[in-house]
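Data from my_file.txt: compact mmCIF, N, CA, C and O atoms
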```
# COMPACT_ATOMS: atom_id res chain seq x y z
N MET A 1 -5.69 -2.87 11.37
CA MET A 1 -5.77 -3.75 10.24
C MET A 1 -4.48 -3.66 9.43
O MET A 1 -3.92 -2.60 9.28
N SER A 2 -4.07 -4.77 8.93
CA SER A 2 -2.88 -4.75 8.08
C SER A 2 -3.30 -5.01 6.63
O SER A 2 -4.36 -5.57 6.38
N PRO A 3 -2.47 -4.57 5.68
CA PRO A 3 -2.82 -4.76 4.27
C PRO A 3 -3.01 -6.22 3.92
O PRO A 3 -2.36 -7.10 4.47
N GLY A 4 -3.93 -6.47 3.00
CA GLY A 4 -4.18 -7.83 2.55
C GLY A 4 -5.56 -7.94 1.93
O GLY A 4 -6.25 -6.94 1.70
N VAL A 5 -5.95 -9.16 1.63
CA VAL A 5 -7.25 -9.44 1.02
C VAL A 5 -7.99 -10.40 1.93
O VAL A 5 -7.42 -11.35 2.46
N GLY A 6 -9.27 -10.13 2.10
CA GLY A 6 -10.09 -11.02 2.92
C GLY A 6 -11.48 -11.09 2.34
O GLY A 6 -11.83 -10.40 1.38
N ALA A 7 -12.29 -11.93 2.91
CA ALA A 7 -13.66 -12.08 2.46
C ALA A 7 -14.58 -11.96 3.66
O ALA A 7 -14.28 -12.43 4.75
N VAL A 8 -15.71 -11.30 3.43
CA VAL A 8 -16.74 -11.18 4.45
C VAL A 8 -17.98 -11.86 3.89
O VAL A 8 -18.42 -11.57 2.78
N ARG A 9 -18.52 -12.80 4.68
CA ARG A 9 -19.69 -13.52 4.22
C ARG A 9 -20.84 -13.23 5.18
O ARG A 9 -20.68 -13.25 6.39
N ALA A 10 -21.99 -12.93 4.60
CA ALA A 10 -23.20 -12.68 5.38
C ALA A 10 -24.28 -13.64 4.93
O ALA A 10 -24.45 -13.89 3.73
N ALA A 11 -25.00 -14.18 5.89
CA ALA A 11 -26.06 -15.13 5.56
C ALA A 11 -27.28 -14.84 6.41
O ALA A 11 -27.18 -14.50 7.59
N THR A 12 -28.42 -14.93 5.79
CA THR A 12 -29.69 -14.81 6.50
C THR A 12 -30.71 -15.67 5.78
O THR A 12 -30.79 -15.66 4.55
N ASP A 13 -31.46 -16.43 6.52
CA ASP A 13 -32.43 -17.35 5.95
C ASP A 13 -31.78 -18.15 4.82
O ASP A 13 -30.81 -18.85 5.03
N SER A 14 -32.26 -18.00 3.61
CA SER A 14 -31.73 -18.77 2.49
C SER A 14 -30.79 -17.95 1.60
O SER A 14 -30.36 -18.42 0.57
N LEU A 15 -30.49 -16.72 2.00
CA LEU A 15 -29.61 -15.87 1.20
C LEU A 15 -28.22 -15.81 1.80
O LEU A 15 -28.05 -15.66 3.01
N THR A 16 -27.21 -15.91 0.94
CA THR A 16 -25.82 -15.79 1.36
C THR A 16 -25.09 -14.94 0.34
O THR A 16 -25.30 -15.08 -0.86
N THR A 17 -24.25 -14.07 0.83
CA THR A 17 -23.42 -13.27 -0.08
C THR A 17 -22.02 -13.15 0.51
O THR A 17 -21.84 -13.19 1.73
N THR A 18 -21.06 -13.02 -0.36
CA THR A 18 -19.67 -12.85 0.05
C THR A 18 -19.11 -11.62 -0.64
O THR A 18 -19.32 -11.41 -1.84
N VAL A 19 -18.40 -10.82 0.12
CA VAL A 19 -17.78 -9.61 -0.41
C VAL A 19 -16.28 -9.72 -0.18
O VAL A 19 -15.84 -10.04 0.93
N VAL A 20 -15.49 -9.46 -1.21
CA VAL A 20 -14.04 -9.44 -1.08
C VAL A 20 -13.62 -8.04 -0.63
O VAL A 20 -14.05 -7.03 -1.20
N VAL A 21 -12.80 -7.99 0.42
CA VAL A 21 -12.32 -6.73 0.97
C VAL A 21 -10.82 -6.65 0.77
O VAL A 21 -10.10 -7.58 1.13
N VAL A 22 -10.36 -5.56 0.17
CA VAL A 22 -8.92 -5.34 -0.03
C VAL A 22 -8.50 -4.18 0.86
O VAL A 22 -9.04 -3.07 0.75
N VAL A 23 -7.56 -4.43 1.75
CA VAL A 23 -7.03 -3.39 2.63
C VAL A 23 -5.66 -3.01 2.09
O VAL A 23 -4.77 -3.86 1.96
N VAL A 24 -5.51 -1.74 1.73
CA VAL A 24 -4.25 -1.26 1.16
C VAL A 24 -3.51 -0.43 2.22
O VAL A 24 -4.13 0.14 3.11
N PRO A 25 -2.18 -0.37 2.13
CA PRO A 25 -1.43 0.42 3.11
C PRO A 25 -1.71 1.91 2.93
O PRO A 25 -2.05 2.37 1.85
N VAL A 26 -1.55 2.64 4.02
CA VAL A 26 -1.67 4.10 3.97
C VAL A 26 -0.58 4.62 3.04
O VAL A 26 0.58 4.24 3.17
N PRO A 27 -0.93 5.49 2.09
CA PRO A 27 0.09 5.98 1.16
C PRO A 27 1.08 6.94 1.81
O PRO A 27 0.74 7.64 2.77
N VAL A 28 2.28 6.94 1.29
CA VAL A 28 3.30 7.89 1.73
C VAL A 28 2.99 9.25 1.12
O VAL A 28 2.86 9.36 -0.10
N ALA A 29 2.85 10.27 1.96
CA ALA A 29 2.56 11.62 1.48
C ALA A 29 3.84 12.44 1.34
O ALA A 29 3.96 13.30 0.47
N SER A 30 4.83 12.16 2.21
CA SER A 30 6.09 12.90 2.16
C SER A 30 7.17 12.09 2.86
O SER A 30 6.89 11.07 3.50
N VAL A 31 8.40 12.57 2.75
CA VAL A 31 9.54 11.91 3.39
C VAL A 31 10.31 12.98 4.14
O VAL A 31 10.61 14.05 3.60
N ARG A 32 10.63 12.69 5.40
CA ARG A 32 11.48 13.59 6.20
C ARG A 32 12.88 12.99 6.23
O ARG A 32 13.06 11.81 6.53
N LEU A 33 13.87 13.81 5.87
CA LEU A 33 15.26 13.35 5.82
C LEU A 33 16.07 14.13 6.85
O LEU A 33 16.04 15.37 6.86
N THR A 34 16.74 13.41 7.74
CA THR A 34 17.56 14.07 8.76
C THR A 34 18.95 13.46 8.78
O THR A 34 19.08 12.25 8.60
N PRO A 35 19.98 14.29 8.96
CA PRO A 35 19.91 15.74 8.93
C PRO A 35 19.72 16.25 7.49
O PRO A 35 20.03 15.53 6.54
N ALA A 36 19.21 17.47 7.35
CA ALA A 36 18.97 18.06 6.03
C ALA A 36 20.27 18.51 5.37
O ALA A 36 20.35 18.60 4.14
N THR A 37 21.27 18.81 6.18
CA THR A 37 22.61 19.12 5.67
C THR A 37 23.62 18.41 6.57
O THR A 37 23.37 18.21 7.76
N ALA A 38 24.73 18.02 5.99
CA ALA A 38 25.78 17.34 6.76
C ALA A 38 27.12 17.62 6.11
O ALA A 38 27.19 17.95 4.92
N SER A 39 28.16 17.49 6.91
CA SER A 39 29.53 17.62 6.41
C SER A 39 30.29 16.35 6.75
O SER A 39 30.18 15.85 7.87
N VAL A 40 31.02 15.85 5.78
CA VAL A 40 31.89 14.70 6.01
C VAL A 40 33.23 14.98 5.35
O VAL A 40 33.30 15.68 4.34
N THR A 41 34.27 14.46 5.93
CA THR A 41 35.57 14.57 5.30
C THR A 41 35.75 13.37 4.37
O THR A 41 35.02 12.38 4.46
N VAL A 42 36.72 13.46 3.49
CA VAL A 42 37.00 12.36 2.57
C VAL A 42 37.31 11.10 3.39
O VAL A 42 38.13 11.13 4.31
N GLY A 43 36.62 10.03 3.09
CA GLY A 43 36.81 8.77 3.79
C GLY A 43 35.94 8.59 5.03
O GLY A 43 35.81 7.49 5.53
N ALA A 44 35.32 9.67 5.51
CA ALA A 44 34.45 9.57 6.69
C ALA A 44 33.01 9.31 6.25
O ALA A 44 32.65 9.49 5.09
N SER A 45 32.20 8.88 7.20
CA SER A 45 30.81 8.56 6.89
C SER A 45 29.86 9.29 7.81
O SER A 45 30.21 9.65 8.93
N GLN A 46 28.63 9.47 7.33
CA GLN A 46 27.56 10.13 8.07
C GLN A 46 26.25 9.43 7.73
O GLN A 46 25.85 9.40 6.57
N PRO A 47 25.57 8.86 8.72
CA PRO A 47 24.28 8.24 8.42
C PRO A 47 23.18 9.29 8.26
O PRO A 47 23.16 10.29 8.98
N LEU A 48 22.30 9.07 7.31
CA LEU A 48 21.10 9.88 7.14
C LEU A 48 19.90 8.98 7.46
O LEU A 48 19.97 7.77 7.30
N THR A 49 18.82 9.59 7.90
CA THR A 49 17.61 8.85 8.23
C THR A 49 16.45 9.38 7.42
O THR A 49 16.17 10.59 7.44
N ALA A 50 15.77 8.50 6.71
CA ALA A 50 14.58 8.86 5.94
C ALA A 50 13.37 8.29 6.68
O ALA A 50 13.33 7.10 7.00
N THR A 51 12.39 9.16 6.94
CA THR A 51 11.16 8.73 7.61
C THR A 51 9.98 9.00 6.70
O THR A 51 9.65 10.18 6.45
N PRO A 52 9.33 7.97 6.18
CA PRO A 52 8.12 8.18 5.38
C PRO A 52 6.99 8.65 6.29
O PRO A 52 6.84 8.17 7.41
N LEU A 53 6.19 9.61 5.79
CA LEU A 53 5.09 10.18 6.58
C LEU A 53 3.78 10.06 5.83
O LEU A 53 3.75 10.17 4.60
N ASP A 54 2.68 9.89 6.58
CA ASP A 54 1.37 9.91 5.94
C ASP A 54 0.89 11.37 5.82
O ASP A 54 1.62 12.30 6.19
N ALA A 55 -0.31 11.58 5.32
CA ALA A 55 -0.81 12.93 5.08
C ALA A 55 -0.93 13.76 6.35
O ALA A 55 -0.87 14.99 6.30
N SER A 56 -1.08 13.11 7.50
CA SER A 56 -1.18 13.87 8.76
C SER A 56 0.16 14.02 9.45
O SER A 56 0.25 14.58 10.54
N GLY A 57 1.23 13.54 8.83
CA GLY A 57 2.57 13.70 9.39
C GLY A 57 3.01 12.57 10.30
O GLY A 57 4.07 12.64 10.91
N ALA A 58 2.21 11.51 10.39
CA ALA A 58 2.59 10.36 11.21
C ALA A 58 3.57 9.47 10.46
O ALA A 58 3.44 9.27 9.25
N ALA A 59 4.56 8.97 11.19
CA ALA A 59 5.58 8.10 10.58
C ALA A 59 4.96 6.77 10.15
O ALA A 59 4.09 6.23 10.82
N LEU A 60 5.42 6.28 9.00
CA LEU A 60 4.98 4.99 8.46
C LEU A 60 6.17 4.03 8.50
O LEU A 60 7.23 4.32 7.92
N ALA A 61 6.01 2.91 9.15
CA ALA A 61 7.10 1.94 9.29
C ALA A 61 7.08 0.93 8.15
O ALA A 61 6.06 0.73 7.49
N GLY A 62 8.24 0.30 7.95
CA GLY A 62 8.32 -0.83 7.03
C GLY A 62 8.29 -0.49 5.56
O GLY A 62 7.99 -1.35 4.74
N ARG A 63 8.60 0.73 5.21
CA ARG A 63 8.59 1.12 3.79
C ARG A 63 10.04 1.14 3.29
O ARG A 63 10.91 1.76 3.90
N PRO A 64 10.32 0.49 2.16
CA PRO A 64 11.69 0.49 1.64
C PRO A 64 12.08 1.87 1.11
O PRO A 64 11.27 2.57 0.50
N VAL A 65 13.35 2.22 1.34
CA VAL A 65 13.90 3.51 0.91
C VAL A 65 14.96 3.25 -0.14
O VAL A 65 15.81 2.37 0.02
N VAL A 66 14.92 4.00 -1.23
CA VAL A 66 15.95 3.95 -2.26
C VAL A 66 16.79 5.22 -2.13
O VAL A 66 16.26 6.34 -2.18
N TRP A 67 18.09 5.03 -1.95
CA TRP A 67 19.02 6.15 -1.76
C TRP A 67 19.82 6.39 -3.03
O TRP A 67 20.27 5.43 -3.65
N THR A 68 20.02 7.66 -3.39
CA THR A 68 20.86 7.99 -4.54
C THR A 68 21.69 9.23 -4.23
O THR A 68 21.28 10.09 -3.43
N SER A 69 22.84 9.31 -4.86
CA SER A 69 23.69 10.49 -4.79
C SER A 69 23.73 11.11 -6.18
O SER A 69 23.98 10.40 -7.16
N GLN A 70 23.47 12.41 -6.27
CA GLN A 70 23.53 13.07 -7.57
C GLN A 70 24.97 13.25 -8.03
O GLN A 70 25.21 13.44 -9.22
N THR A 71 25.91 13.17 -7.10
CA THR A 71 27.33 13.31 -7.43
C THR A 71 28.12 12.24 -6.68
O THR A 71 28.82 12.54 -5.71
N PRO A 72 28.05 10.99 -7.12
CA PRO A 72 28.74 9.92 -6.39
C PRO A 72 30.26 10.06 -6.39
O PRO A 72 30.92 9.45 -5.55
N ALA A 73 30.82 10.86 -7.28
CA ALA A 73 32.27 11.09 -7.26
C ALA A 73 32.66 11.98 -6.08
O ALA A 73 33.83 12.02 -5.70
N VAL A 74 31.69 12.66 -5.48
CA VAL A 74 31.94 13.51 -4.31
C VAL A 74 31.49 12.81 -3.03
O VAL A 74 32.21 12.80 -2.03
N ALA A 75 30.29 12.23 -3.05
CA ALA A 75 29.77 11.53 -1.88
C ALA A 75 28.93 10.35 -2.35
O ALA A 75 28.03 10.51 -3.16
N SER A 76 29.24 9.18 -1.83
CA SER A 76 28.46 7.99 -2.16
C SER A 76 27.47 7.75 -1.03
O SER A 76 27.63 8.25 0.08
N VAL A 77 26.43 6.97 -1.32
CA VAL A 77 25.45 6.63 -0.29
C VAL A 77 25.11 5.14 -0.40
O VAL A 77 24.93 4.62 -1.50
N SER A 78 25.07 4.49 0.74
CA SER A 78 24.76 3.05 0.76
C SER A 78 23.25 2.84 0.76
O SER A 78 22.47 3.77 0.94
N SER A 79 22.85 1.60 0.61
CA SER A 79 21.43 1.25 0.62
C SER A 79 20.82 1.47 2.01
O SER A 79 19.60 1.50 2.15
N ALA A 80 21.65 1.68 3.02
CA ALA A 80 21.18 1.96 4.38
C ALA A 80 21.18 3.45 4.68
O ALA A 80 20.86 3.86 5.80
N GLY A 81 21.57 4.30 3.70
CA GLY A 81 21.57 5.74 3.92
C GLY A 81 22.83 6.30 4.54
O GLY A 81 22.85 7.42 5.03
N VAL A 82 23.91 5.54 4.52
CA VAL A 82 25.18 6.02 5.06
C VAL A 82 25.97 6.69 3.94
O VAL A 82 26.28 6.06 2.93
N VAL A 83 26.26 7.98 4.15
CA VAL A 83 26.98 8.77 3.15
C VAL A 83 28.46 8.73 3.48
O VAL A 83 28.86 8.91 4.63
N THR A 84 29.29 8.53 2.45
CA THR A 84 30.74 8.51 2.62
C THR A 84 31.35 9.56 1.70
O THR A 84 31.04 9.61 0.50
N GLY A 85 32.21 10.39 2.28
CA GLY A 85 32.92 11.40 1.49
C GLY A 85 33.93 10.74 0.57
O GLY A 85 34.74 9.93 1.01
N VAL A 86 33.87 11.09 -0.72
CA VAL A 86 34.78 10.52 -1.72
C VAL A 86 35.81 11.55 -2.15
O VAL A 86 36.99 11.24 -2.30
N ALA A 87 35.37 12.80 -2.37
CA ALA A 87 36.25 13.88 -2.81
C ALA A 87 35.67 15.20 -2.33
O ALA A 87 34.47 15.29 -2.04
N PRO A 88 36.49 16.24 -2.24
CA PRO A 88 35.96 17.54 -1.82
C PRO A 88 34.87 18.04 -2.77
O PRO A 88 34.92 17.79 -3.98
N GLY A 89 33.89 18.72 -2.23
CA GLY A 89 32.78 19.26 -3.01
C GLY A 89 31.47 19.06 -2.28
O GLY A 89 31.46 18.76 -1.09
N SER A 90 30.38 19.25 -2.99
CA SER A 90 29.07 19.01 -2.36
C SER A 90 28.25 18.09 -3.25
O SER A 90 28.43 18.04 -4.46
N ALA A 91 27.35 17.37 -2.60
CA ALA A 91 26.50 16.43 -3.32
C ALA A 91 25.11 16.47 -2.70
O ALA A 91 24.96 16.74 -1.51
N VAL A 92 24.12 16.20 -3.51
CA VAL A 92 22.75 16.10 -3.04
C VAL A 92 22.42 14.61 -2.93
O VAL A 92 22.57 13.86 -3.90
N ILE A 93 22.00 14.21 -1.75
CA ILE A 93 21.61 12.82 -1.48
C ILE A 93 20.08 12.80 -1.42
O ILE A 93 19.47 13.61 -0.73
N THR A 94 19.48 11.86 -2.15
CA THR A 94 18.02 11.78 -2.22
C THR A 94 17.54 10.43 -1.69
O THR A 94 18.11 9.40 -2.02
N ALA A 95 16.49 10.50 -0.88
CA ALA A 95 15.80 9.30 -0.40
C ALA A 95 14.44 9.26 -1.07
O ALA A 95 13.71 10.26 -1.06
N THR A 96 14.10 8.13 -1.67
CA THR A 96 12.81 7.97 -2.36
C THR A 96 12.05 6.82 -1.71
O THR A 96 12.58 5.72 -1.54
N VAL A 97 10.79 7.11 -1.38
CA VAL A 97 9.90 6.10 -0.80
C VAL A 97 8.57 6.20 -1.53
O VAL A 97 7.90 7.25 -1.48
N GLU A 98 8.20 5.16 -2.24
CA GLU A 98 6.92 5.10 -2.95
C GLU A 98 6.67 6.36 -3.80
O GLU A 98 5.59 6.92 -3.82
N GLY A 99 7.71 6.80 -4.50
CA GLY A 99 7.58 7.94 -5.40
C GLY A 99 7.72 9.30 -4.76
O GLY A 99 7.78 10.31 -5.45
N ARG A 100 7.81 9.36 -3.45
CA ARG A 100 8.01 10.63 -2.73
C ARG A 100 9.49 10.76 -2.39
O ARG A 100 10.14 9.76 -2.05
N THR A 101 10.02 11.98 -2.48
CA THR A 101 11.45 12.18 -2.26
C THR A 101 11.73 13.27 -1.23
O THR A 101 10.90 14.15 -1.00
N ALA A 102 12.92 13.17 -0.66
CA ALA A 102 13.48 14.22 0.18
C ALA A 102 14.97 14.24 -0.10
O ALA A 102 15.56 13.19 -0.43
N SER A 103 15.60 15.40 0.02
CA SER A 103 17.01 15.51 -0.29
C SER A 103 17.78 16.22 0.82
O SER A 103 17.21 17.05 1.54
N ALA A 104 19.05 15.88 0.92
CA ALA A 104 19.95 16.52 1.86
C ALA A 104 21.21 16.90 1.09
O ALA A 104 21.62 16.22 0.15
N THR A 105 21.81 18.00 1.50
CA THR A 105 23.06 18.45 0.89
C THR A 105 24.21 18.04 1.80
O THR A 105 24.20 18.31 3.00
N VAL A 106 25.20 17.39 1.20
CA VAL A 106 26.38 16.95 1.93
C VAL A 106 27.59 17.58 1.29
O VAL A 106 27.70 17.63 0.07
```
As structure tokens:
Amino acid sequence: MSPGVGAVRAATDSLTTTVVVVVVPVPVASVRLTPATASVTVGASQPLTATPLDASGAALAGRPVVWTSQTPAVASVSSAGVVTGVAPGSAVITATVEGRTASATV
């Protein structure tokens, strides 16, 4: 089943009833970020991958990821999770999916 709204109607003799059913997506329980640590030189790039997981650890597809760098003067991150070295140092890159986060040190 995919998320959405539907109606179920049941009828018998002269009685009819309709029930609205709302199917919601499985919530994100955690986010796995790989690699957890990475090294890049100034001007070089390294892709990171964020995988949203449900409560049983199964991957959830189609969830938007918001990427941030705590120190963008050291390492920037694109909306696709590609980290680029800007200056020597270390930075924490965070991926957020539906309020759940994971971080990697670059």
- Task: Excluding A:Thr51 and any residue of its chain fewer than 5 positions from it, enumerate the residues within 7 Å of it, using only C-alpha atoms, and give them as an NGL selection string.
- Result: :A and (31-33 or 59)
- Pick out each residue of stretch 4-61 of chain A that DSSP on the backbone tags as strand (DSSP E); I need them as a PyMOL selection string. chain A and resi 4-12+15-23+30-34+45-47+49-53
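Taking only N, CA, C and O atoms into account, A:Ser103 lies nearest to A:Pro35 out of the set A:Ala75, A:Val8, A:Pro35, A:Thr18.
Surrounding residues of (36.4, 11.0, 1.1) at most 7 Å away are Val40, Thr41, Val42, Gly43, Ala44, Val74, Thr84, Gly85, Val86, Ala87 and Pro88 of chain A (based on only N, CA, C and O atoms).
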- Query: Hey, can you check how far atom N of A:Val66 sits from atom N of A:Ala36?
  - Reply: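 According to the coordinates, atom N of A:Val66 and atom N of A:Ala36 are separated by 16.5 Å.
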- Atomic separation - atom CA of A:Val5 relative to atom CA of A:Val20, Å: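 That distance, rounded to one decimal, is 7.1 Å.
The space separating atom CA of A:Trp67 from atom CA of A:Val83 comes to 9.7 Å.
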